[in-house]
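Containing CSV, C-alpha atoms: coords.csv.
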```
chain,number,residue,atom,x,y,z
A,1,MET,CA,-62.5,-12.4,-16.4
A,2,ALA,CA,-62.1,-15.9,-15.4
A,3,LYS,CA,-59.9,-16.4,-12.4
A,4,PRO,CA,-56.8,-18.5,-13.1
A,5,LYS,CA,-57.0,-21.9,-11.6
A,6,LYS,CA,-55.3,-22.1,-8.3
A,7,LYS,CA,-52.4,-24.5,-8.5
A,8,THR,CA,-52.8,-27.4,-6.1
A,9,LYS,CA,-49.9,-29.1,-4.6
A,10,PRO,CA,-49.6,-32.5,-6.0
A,11,LYS,CA,-50.5,-35.0,-3.3
A,12,THR,CA,-47.8,-37.4,-2.4
A,13,LYS,CA,-48.8,-40.9,-1.5
A,14,VAL,CA,-48.1,-41.7,2.1
A,15,ALA,CA,-47.9,-45.2,3.5
A,16,PRO,CA,-50.8,-45.9,6.0
A,17,LYS,CA,-48.3,-46.8,8.7
A,18,ALA,CA,-46.4,-43.5,8.4
A,19,LYS,CA,-49.6,-41.5,8.2
A,20,ALA,CA,-50.7,-42.9,11.6
A,21,LYS,CA,-47.3,-42.2,13.1
A,22,SER,CA,-47.3,-38.6,12.1
A,23,ALA,CA,-50.9,-38.0,13.3
A,24,ALA,CA,-49.9,-39.4,16.7
A,25,LYS,CA,-46.9,-37.0,16.7
A,26,ARG,CA,-49.1,-34.0,16.0
A,27,LYS,CA,-51.5,-35.0,18.7
A,28,ALA,CA,-48.6,-35.2,21.3
A,29,VAL,CA,-47.2,-31.8,20.3
A,30,ALA,CA,-50.7,-30.2,20.6
A,31,LYS,CA,-51.1,-31.7,24.1
A,32,VAL,CA,-47.8,-30.2,25.3
A,33,VAL,CA,-48.6,-26.7,23.8
A,34,ALA,CA,-52.1,-26.7,25.4
A,35,SER,CA,-50.6,-27.7,28.8
A,36,LYS,CA,-48.3,-24.6,28.9
A,37,PRO,CA,-49.9,-21.5,30.5
A,38,ARG,CA,-49.7,-18.4,28.3
A,39,SER,CA,-47.8,-16.3,30.8
A,40,LYS,CA,-47.8,-12.5,30.7
A,41,VAL,CA,-44.6,-12.7,32.8
A,42,THR,CA,-42.6,-14.0,29.7
A,43,VAL,CA,-43.7,-10.9,27.7
A,44,ALA,CA,-43.0,-8.6,30.5
A,45,SER,CA,-39.5,-10.0,31.1
A,46,ALA,CA,-38.7,-9.6,27.4
A,47,ASP,CA,-39.8,-6.0,27.6
A,48,SER,CA,-37.6,-5.4,30.6
A,49,GLY,CA,-34.7,-7.1,28.9
A,50,LEU,CA,-35.1,-4.8,25.9
A,51,ARG,CA,-35.3,-1.8,28.1
A,52,ASP,CA,-32.1,-2.8,30.0
A,53,GLY,CA,-30.3,-3.5,26.7
A,54,ILE,CA,-31.2,0.0,25.4
A,55,ALA,CA,-30.2,1.6,28.7
A,56,ASN,CA,-26.9,-0.2,28.5
A,57,LEU,CA,-26.4,0.9,24.9
A,58,ALA,CA,-27.1,4.5,25.9
A,59,ARG,CA,-24.6,4.3,28.8
A,60,ILE,CA,-21.9,2.8,26.4
A,61,MET,CA,-22.5,5.6,23.9
A,62,ALA,CA,-22.4,8.3,26.6
A,63,ASP,CA,-19.1,6.8,27.9
A,64,ALA,CA,-17.7,6.7,24.4
A,65,ARG,CA,-18.7,10.3,23.8
A,66,ARG,CA,-17.0,11.3,27.1
A,67,ASP,CA,-13.9,9.3,26.3
A,68,LEU,CA,-13.7,10.8,22.8
A,69,ALA,CA,-14.0,14.3,24.3
A,70,ALA,CA,-11.3,13.4,26.9
A,71,LEU,CA,-9.0,12.1,24.2
A,72,GLN,CA,-9.0,15.7,22.8
A,73,ALA,CA,-10.0,14.1,19.5
A,74,ASN,CA,-10.2,17.5,17.8
A,75,ASP,CA,-6.5,18.2,18.7
A,76,MET,CA,-5.6,14.8,17.4
A,77,ARG,CA,-7.5,15.2,14.2
A,78,LEU,CA,-6.5,18.8,13.4
A,79,ARG,CA,-3.0,18.9,14.6
A,80,ASP,CA,-1.4,15.6,15.7
A,81,LEU,CA,-2.5,13.4,12.8
A,82,PRO,CA,-1.6,15.9,10.0
A,83,GLY,CA,1.7,16.6,11.8
A,84,ALA,CA,2.5,12.9,11.9
A,85,THR,CA,1.8,12.3,8.2
A,86,ASP,CA,3.8,15.4,7.3
A,87,GLU,CA,6.7,14.1,9.4
A,88,LEU,CA,6.6,10.7,7.7
A,89,SER,CA,6.4,12.4,4.2
A,90,ALA,CA,9.5,14.4,5.3
A,91,VAL,CA,11.3,11.1,6.1
A,92,VAL,CA,10.5,9.8,2.6
A,93,ALA,CA,11.8,13.0,1.0
A,94,ALA,CA,14.9,13.1,3.2
A,95,THR,CA,15.9,9.5,2.5
A,96,GLU,CA,15.2,10.0,-1.3
A,97,SER,CA,17.5,13.1,-1.2
A,98,ALA,CA,20.2,11.2,0.7
A,99,THR,CA,20.0,8.2,-1.6
A,100,ASN,CA,20.4,10.5,-4.6
A,101,ALA,CA,23.4,12.1,-3.0
A,102,ILE,CA,24.9,8.6,-2.4
A,103,LEU,CA,24.2,7.6,-6.0
A,104,ASP,CA,25.8,10.8,-7.4
A,105,ALA,CA,28.9,9.9,-5.4
A,106,VAL,CA,28.9,6.3,-6.4
A,107,GLU,CA,28.4,6.9,-10.1
A,108,SER,CA,31.4,9.3,-9.9
A,109,ILE,CA,33.5,6.6,-8.2
A,110,GLU,CA,32.4,4.0,-10.8
A,111,LYS,CA,33.6,6.4,-13.5
A,112,THR,CA,36.9,6.8,-11.8
A,113,ALA,CA,37.3,3.1,-11.4
A,114,GLY,CA,37.3,2.9,-15.2
A,115,THR,CA,40.6,4.9,-15.2
A,116,MET,CA,42.3,2.7,-12.6
A,117,PRO,CA,44.4,-0.4,-13.3
A,118,ALA,CA,42.2,-3.4,-14.0
A,119,ASP,CA,42.5,-5.2,-10.7
A,120,ALA,CA,41.9,-2.1,-8.6
A,121,GLY,CA,39.1,-0.9,-10.9
A,122,ASP,CA,37.4,-4.3,-10.6
A,123,ALA,CA,37.6,-4.3,-6.8
A,124,VAL,CA,36.1,-0.8,-6.7
A,125,ARG,CA,33.3,-1.9,-9.0
A,126,VAL,CA,32.4,-4.8,-6.7
A,127,ASP,CA,32.0,-2.3,-3.8
A,128,VAL,CA,30.1,0.1,-6.0
A,129,THR,CA,27.6,-2.7,-6.9
A,130,ARG,CA,27.1,-3.4,-3.2
A,131,ILE,CA,26.3,0.2,-2.6
A,132,TYR,CA,23.7,0.2,-5.5
A,133,GLU,CA,22.2,-2.9,-3.9
A,134,ALA,CA,22.0,-1.3,-0.5
A,135,CYS,CA,20.3,1.7,-1.9
A,136,ASN,CA,17.3,-0.5,-2.6
A,137,PHE,CA,16.3,0.4,0.9
A,138,GLN,CA,14.9,3.8,-0.1
A,139,ASP,CA,12.2,2.2,-2.3
A,140,ILE,CA,11.2,-0.3,0.4
A,141,THR,CA,11.2,2.2,3.3
A,142,GLY,CA,9.3,4.6,1.1
A,143,GLN,CA,6.6,2.1,0.4
A,144,ARG,CA,6.3,1.0,4.1
A,145,ILE,CA,6.0,4.6,5.2
A,146,THR,CA,3.4,5.3,2.6
A,147,LYS,CA,1.4,2.4,4.0
A,148,VAL,CA,1.6,3.9,7.5
A,149,VAL,CA,0.5,7.3,6.2
A,150,ASN,CA,-2.6,5.7,4.6
A,151,VAL,CA,-3.4,4.0,7.9
A,152,LEU,CA,-3.2,7.3,9.7
A,153,LYS,CA,-5.5,8.8,7.1
A,154,ASP,CA,-8.0,6.0,7.7
A,155,VAL,CA,-7.8,6.6,11.5
A,156,ASP,CA,-8.5,10.3,10.8
A,157,ARG,CA,-11.5,9.5,8.7
A,158,THR,CA,-12.9,7.1,11.4
A,159,VAL,CA,-12.4,9.6,14.2
A,160,ALA,CA,-14.0,12.4,12.1
A,161,GLY,CA,-17.0,10.1,11.5
A,162,LEU,CA,-17.3,9.3,15.2
A,163,MET,CA,-17.1,13.0,16.2
A,164,GLU,CA,-19.8,13.8,13.7
A,165,ALA,CA,-22.0,11.1,15.0
A,166,PHE,CA,-21.5,12.2,18.6
A,167,GLY,CA,-22.0,15.9,17.7
A,168,ILE,CA,-18.5,17.0,18.9
A,169,ALA,CA,-17.2,18.2,15.5
A,170,LEU,CA,-16.0,21.8,15.4
A,171,ASP,CA,-16.8,24.7,13.1
A,172,PRO,CA,-14.0,26.1,11.0
A,173,ALA,CA,-13.2,29.0,13.4
A,174,GLN,CA,-12.8,26.6,16.3
A,175,ALA,CA,-10.7,24.3,14.2
A,176,SER,CA,-8.4,27.1,13.1
A,177,ALA,CA,-8.0,28.2,16.8
A,178,ILE,CA,-6.8,24.6,17.7
A,179,VAL,CA,-4.4,24.5,14.8
A,180,SER,CA,-2.8,27.8,15.7
A,181,ALA,CA,-2.8,27.4,19.5
A,182,PRO,CA,0.5,26.8,21.2
A,183,ARG,CA,1.0,23.2,22.4
A,184,LYS,CA,0.5,22.5,26.0
A,185,ALA,CA,3.7,23.0,28.0
A,186,LYS,CA,5.2,19.8,29.5
A,187,GLY,CA,7.6,21.8,31.6
A,188,GLY,CA,11.3,22.1,31.8
A,189,GLU,CA,13.7,20.8,29.2
A,190,ALA,CA,10.9,18.6,27.6
A,191,ASP,CA,9.4,21.7,26.0
A,192,LEU,CA,12.7,22.3,24.2
A,193,LEU,CA,12.9,18.8,22.7
A,194,ASN,CA,10.8,18.8,19.6
A,195,GLY,CA,12.9,16.7,17.3
A,196,PRO,CA,13.8,17.9,13.7
A,197,GLN,CA,11.7,20.7,12.4
A,198,MET,CA,9.8,20.4,9.1
A,199,PRO,CA,12.0,21.9,6.3
A,200,ASP,CA,9.8,25.0,5.8
A,201,ALA,CA,9.7,25.7,9.6
A,202,ALA,CA,13.3,25.1,10.4
A,203,HIS,CA,16.1,27.7,10.7
A,204,ASP,CA,19.0,27.1,8.4
A,205,GLN,CA,22.6,27.4,9.6
A,206,ALA,CA,22.8,31.1,8.5
A,207,ALA,CA,19.7,31.9,10.6
A,208,ILE,CA,21.1,30.0,13.6
A,209,ASP,CA,24.4,31.9,13.2
A,210,ALA,CA,22.6,35.2,13.2
A,211,LEU,CA,20.5,34.2,16.3
A,212,PHE,CA,23.6,32.9,18.0
A,213,ASP,CA,25.6,36.1,17.3
A,214,LYS,CA,22.7,38.3,18.4
A,215,SER,CA,21.9,36.6,21.7
B,1,MET,CA,22.4,-17.7,-28.2
B,2,ALA,CA,24.2,-14.8,-26.5
B,3,VAL,CA,22.1,-11.8,-25.3
B,4,ASP,CA,22.3,-8.8,-27.6
B,5,LEU,CA,23.6,-6.2,-25.2
B,6,LYS,CA,22.7,-3.4,-27.6
B,7,MET,CA,19.0,-4.1,-27.4
B,8,ASN,CA,16.7,-1.4,-26.0
B,9,VAL,CA,15.7,-2.1,-22.5
B,10,LEU,CA,12.8,-0.2,-20.7
B,11,ILE,CA,12.8,0.1,-17.0
B,12,VAL,CA,9.6,1.3,-15.2
B,13,ASP,CA,9.4,2.5,-11.6
B,14,ASP,CA,7.8,5.4,-9.8
B,15,TYR,CA,10.9,5.8,-7.5
B,16,LYS,CA,13.6,7.7,-9.3
B,17,THR,CA,16.3,6.2,-7.1
B,18,MET,CA,15.2,2.7,-8.2
B,19,LEU,CA,15.4,3.7,-11.8
B,20,ARG,CA,18.9,5.0,-11.2
B,21,ILE,CA,19.9,1.8,-9.4
B,22,VAL,CA,18.5,-0.6,-12.0
B,23,LYS,CA,19.9,1.4,-14.8
B,24,ASN,CA,23.4,1.4,-13.3
B,25,LEU,CA,23.2,-2.3,-12.6
B,26,LEU,CA,22.1,-2.9,-16.2
B,27,ASN,CA,25.0,-0.8,-17.4
B,28,GLN,CA,27.3,-2.9,-15.3
B,29,ILE,CA,25.9,-6.0,-16.9
B,30,GLY,CA,26.7,-4.5,-20.3
B,31,PHE,CA,23.3,-3.1,-21.5
B,32,SER,CA,24.0,0.3,-23.1
B,33,ASN,CA,20.5,1.4,-24.3
B,34,VAL,CA,18.3,1.7,-21.2
B,35,ASP,CA,15.2,3.9,-21.2
B,36,GLU,CA,13.1,4.9,-18.2
B,37,ALA,CA,9.4,5.4,-17.5
B,38,ALA,CA,7.8,6.5,-14.2
B,39,ASP,CA,4.6,4.4,-14.5
B,40,GLY,CA,2.7,2.0,-16.7
B,41,SER,CA,1.1,4.5,-19.0
B,42,GLU,CA,4.3,6.3,-19.8
B,43,ALA,CA,6.0,2.9,-20.4
B,44,LEU,CA,3.1,1.8,-22.8
B,45,ALA,CA,3.5,5.0,-24.8
B,46,LYS,CA,7.3,4.3,-25.1
B,47,VAL,CA,6.9,0.6,-26.2
B,48,GLN,CA,4.4,1.7,-28.8
B,49,GLN,CA,7.0,4.1,-30.4
B,50,LYS,CA,10.2,2.1,-30.1
B,51,ASP,CA,11.3,-1.5,-30.3
B,52,TYR,CA,12.3,-3.0,-26.9
B,53,GLY,CA,13.9,-6.3,-26.3
B,54,LEU,CA,13.1,-6.3,-22.5
B,55,ILE,CA,10.8,-4.6,-20.1
B,56,ILE,CA,11.7,-4.5,-16.4
B,57,SER,CA,8.8,-3.1,-14.4
B,58,ASP,CA,7.7,-2.3,-10.9
B,59,TRP,CA,4.2,-3.3,-10.0
B,60,ASN,CA,2.8,-0.7,-7.5
B,61,MET,CA,2.6,2.5,-9.6
B,62,GLN,CA,-0.1,5.1,-10.4
B,63,PRO,CA,-2.0,5.7,-12.6
B,64,MET,CA,-1.2,2.5,-14.5
B,65,THR,CA,0.3,-0.4,-12.5
B,66,GLY,CA,2.9,-2.8,-13.7
B,67,LEU,CA,0.3,-5.6,-14.0
B,68,GLN,CA,-1.9,-3.4,-16.1
B,69,LEU,CA,1.1,-2.6,-18.3
B,70,LEU,CA,1.9,-6.3,-18.6
B,71,GLN,CA,-1.7,-7.0,-19.6
B,72,ALA,CA,-1.7,-4.2,-22.1
B,73,VAL,CA,1.5,-5.4,-23.7
B,74,ARG,CA,0.3,-9.0,-23.8
B,75,ALA,CA,-3.0,-7.9,-25.4
B,76,ASP,CA,-1.2,-6.0,-28.2
B,77,ALA,CA,-0.2,-8.3,-31.2
B,78,LYS,CA,2.8,-6.1,-32.0
B,79,LEU,CA,4.1,-6.0,-28.4
B,80,LYS,CA,3.1,-9.3,-26.8
B,81,HIS,CA,6.4,-11.0,-27.6
B,82,ILE,CA,8.5,-8.6,-25.5
B,83,PRO,CA,10.0,-10.4,-22.5
B,84,PHE,CA,8.7,-8.8,-19.2
B,85,ILE,CA,10.3,-9.1,-15.8
B,86,MET,CA,8.4,-7.8,-12.7
B,87,VAL,CA,10.6,-6.3,-10.0
B,88,THR,CA,8.5,-5.5,-7.0
B,89,ALA,CA,8.1,-5.5,-3.2
B,90,GLU,CA,4.7,-7.4,-3.7
B,91,SER,CA,5.7,-10.9,-2.6
B,92,LYS,CA,2.5,-12.7,-1.8
B,93,THR,CA,1.7,-15.9,-3.5
B,94,GLU,CA,-1.4,-14.4,-5.2
B,95,ASN,CA,0.8,-11.6,-6.7
B,96,VAL,CA,3.1,-14.1,-8.3
B,97,ILE,CA,0.2,-16.2,-9.6
B,98,ALA,CA,-1.6,-13.1,-11.0
B,99,ALA,CA,1.6,-11.9,-12.7
B,100,LYS,CA,2.2,-15.4,-14.2
B,101,GLN,CA,-1.4,-15.6,-15.4
B,102,ALA,CA,-0.9,-12.3,-17.1
B,103,GLY,CA,2.1,-13.6,-18.9
B,104,VAL,CA,5.2,-12.3,-17.0
B,105,ASN,CA,8.4,-14.0,-17.9
B,106,ASN,CA,10.1,-13.7,-14.5
B,107,TYR,CA,9.6,-12.2,-11.1
B,108,ILE,CA,12.1,-10.4,-8.8
B,109,VAL,CA,11.2,-9.4,-5.3
B,110,LYS,CA,12.7,-6.2,-3.8
B,111,PRO,CA,15.2,-5.8,-2.3
B,112,PHE,CA,17.3,-7.7,-4.8
B,113,ASN,CA,20.9,-7.9,-5.6
B,114,ALA,CA,22.8,-7.6,-8.9
B,115,ALA,CA,23.4,-11.3,-9.2
B,116,VAL,CA,19.7,-12.0,-9.0
B,117,LEU,CA,18.9,-9.4,-11.6
B,118,LYS,CA,21.5,-10.8,-14.0
B,119,GLY,CA,20.4,-14.4,-13.3
B,120,LYS,CA,16.8,-13.6,-14.1
B,121,ILE,CA,17.6,-11.7,-17.2
B,122,ALA,CA,19.7,-14.7,-18.4
B,123,THR,CA,16.8,-17.0,-17.6
B,124,VAL,CA,14.5,-14.9,-19.8
B,125,LEU,CA,16.9,-13.8,-22.6
B,126,GLY,CA,19.6,-16.5,-22.6
B,127,ASP,CA,23.2,-16.6,-21.5
B,128,PHE,CA,25.5,-13.5,-21.6
```

Rewrite the structure from the file as structure tokens, please.
Amino acid sequence: MAKPKKKTKPKTKVAPKAKAKSAAKRKAVAKVVASKPRSKVTVASADSGLRDGIANLARIMADARRDLAALQANDMRLRDLPGATDELSAVVAATESATNAILDAVESIEKTAGTMPADAGDAVRVDVTRIYEACNFQDITGQRITKVVNVLKDVDRTVAGLMEAFGIALDPAQASAIVSAPRKAKGGEADLLNGPQMPDAAHDQAAIDALFDKS
Amino acid sequence: MAVDLKMNVLIVDDYKTMLRIVKNLLNQIGFSNVDEAADGSEALAKVQQKDYGLIISDWNMQPMTGLQLLQAVRADAKLKHIPFIMVTAESKTENVIAAKQAGVNNYIVKPFNAAVLKGKIATVLGDF
């Protein structure tokens, strides 16, 4: 089979003056290159720079691993972050419930306003409208809190990835032990101050009364 | 031409409290036939079954957003004439531009008050 003809680059015409100029330039560059000694020192210093760089990187990774372990990242991932997102979700639920209670009351007031003398009824309706407007907050705060919950979930995923990479992730049994372990005592009254409990973990008033009467 | 207060109005929001608030404000304005939907897909099913004179929709909802609802409404020959007001917390320039390009008639940013709601409805439908 005949070989395809090799395409040759079309020659561009160069003015004789420019041709001479570029030949002189090439000659000068060749002279400079030839005068430079090919030093082994340059290669050796590049090698040592690379070694130093890798050693630094290894140190940084070891420090990060140690810092991550010191952070008690497992506690944070398994207990603190889910706890924080649950607390925020509880805030959304509580504000929604409160807003609904406010709206129940206001709708009832608005109905009553219809039975009142015109002037008084109108005045009540103006205030009712202001309460409706103010109740907008629940939607806005709900959306803001949802954004924060999503950020916390991203942090959780990132920490999980880092732990996996550094080999400090736990097996399910270890994870479950962390979740059920009592929190580290801070000492004194601080251990009694935990803020509002999650609804399913909180005592209702009847349970509190029973405890109070028993103790 | 005065607004027909008997027209069917559809409000769409994934927050039940917002649905209640907007419905009550619309009732105060004088609209008596107000339906509700919790997201774009539920709203689309409703507008395909009943004649609506106005849609007031939130944007950020799942599974179908307010923008997707708007696009679906504008793409349907039978529905594309329905006036559409977006009521949303999304207030960036690009949001407003995207909604306008999709054919929204007006845009209300949350939190809003009753006067703004009434004013925007008047801009879209005419004086009360």

Chain B residues within 12 Å of chain A, counting all atoms listed in the file: which ones, as a ChimeraX atom specification? /B:13-29,58-61,87-90,109-117

Spatial neighbours of region 65-73 of chain A, max dist 12 Å, all atoms listed in the file, sep filter under 2 positions, as a PyMOL selection string: chain A and resi 58-63+75-81+155-170+175+178

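Closest approach to Ala90 (chain A) from the set A:Ile102, A:Ile54, A:Val149, A:Ala206 is made by A:Val149, with distances taken over only C-alpha atoms.
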
Separation of CA of Ser57 (chain B) from CA of Val124 (chain B), in Å and rounded to one decimal: 14.2 Å

d(CA of Val96 (chain B), CA of Asp35 (chain B)) in Å: 25.2 Å

When you draw a straight line from CA of Leu5 (chain B) to CA of Thr65 (chain B), how long is it in Å? 27.2 Å

List the neighbours of Leu54 (chain B) out to 9 Å using all atoms listed in the file; skip same-chain residues closer than 6 positions along the sequence, and give me the result as a PyMOL selection string. chain B and resi 7-11+82-85+121+125

May I have the protein, DNA and RNA residues with an atom at most 12 Å from (5.9, 1.8, -27.5), counting only C-alpha atoms in the file's coordinates, returned as a PDB file with C-alpha atoms, in the frame of the given file?
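Okay, point-v1.pdb is ready:
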```pdb
ATOM      1  CA  ASN B   8      16.700  -1.400 -26.000  1.00  0.00           C
ATOM      2  CA  VAL B   9      15.700  -2.100 -22.500  1.00  0.00           C
ATOM      3  CA  LEU B  10      12.800  -0.200 -20.700  1.00  0.00           C
ATOM      4  CA  ASP B  35      15.200   3.900 -21.200  1.00  0.00           C
ATOM      5  CA  ALA B  37       9.400   5.400 -17.500  1.00  0.00           C
ATOM      6  CA  GLY B  40       2.700   2.000 -16.700  1.00  0.00           C
ATOM      7  CA  SER B  41       1.100   4.500 -19.000  1.00  0.00           C
ATOM      8  CA  GLU B  42       4.300   6.300 -19.800  1.00  0.00           C
ATOM      9  CA  ALA B  43       6.000   2.900 -20.400  1.00  0.00           C
ATOM     10  CA  LEU B  44       3.100   1.800 -22.800  1.00  0.00           C
ATOM     11  CA  ALA B  45       3.500   5.000 -24.800  1.00  0.00           C
ATOM     12  CA  LYS B  46       7.300   4.300 -25.100  1.00  0.00           C
ATOM     13  CA  VAL B  47       6.900   0.600 -26.200  1.00  0.00           C
ATOM     14  CA  GLN B  48       4.400   1.700 -28.800  1.00  0.00           C
ATOM     15  CA  GLN B  49       7.000   4.100 -30.400  1.00  0.00           C
ATOM     16  CA  LYS B  50      10.200   2.100 -30.100  1.00  0.00           C
ATOM     17  CA  ASP B  51      11.300  -1.500 -30.300  1.00  0.00           C
ATOM     18  CA  TYR B  52      12.300  -3.000 -26.900  1.00  0.00           C
ATOM     19  CA  GLY B  53      13.900  -6.300 -26.300  1.00  0.00           C
ATOM     20  CA  LEU B  54      13.100  -6.300 -22.500  1.00  0.00           C
ATOM     21  CA  ILE B  55      10.800  -4.600 -20.100  1.00  0.00           C
ATOM     22  CA  LEU B  69       1.100  -2.600 -18.300  1.00  0.00           C
ATOM     23  CA  ALA B  72      -1.700  -4.200 -22.100  1.00  0.00           C
ATOM     24  CA  VAL B  73       1.500  -5.400 -23.700  1.00  0.00           C
ATOM     25  CA  ASP B  76      -1.200  -6.000 -28.200  1.00  0.00           C
ATOM     26  CA  LYS B  78       2.800  -6.100 -32.000  1.00  0.00           C
ATOM     27  CA  LEU B  79       4.100  -6.000 -28.400  1.00  0.00           C
ATOM     28  CA  LYS B  80       3.100  -9.300 -26.800  1.00  0.00           C
ATOM     29  CA  ILE B  82       8.500  -8.600 -25.500  1.00  0.00           C
TER      30      ILE B  82
END
```
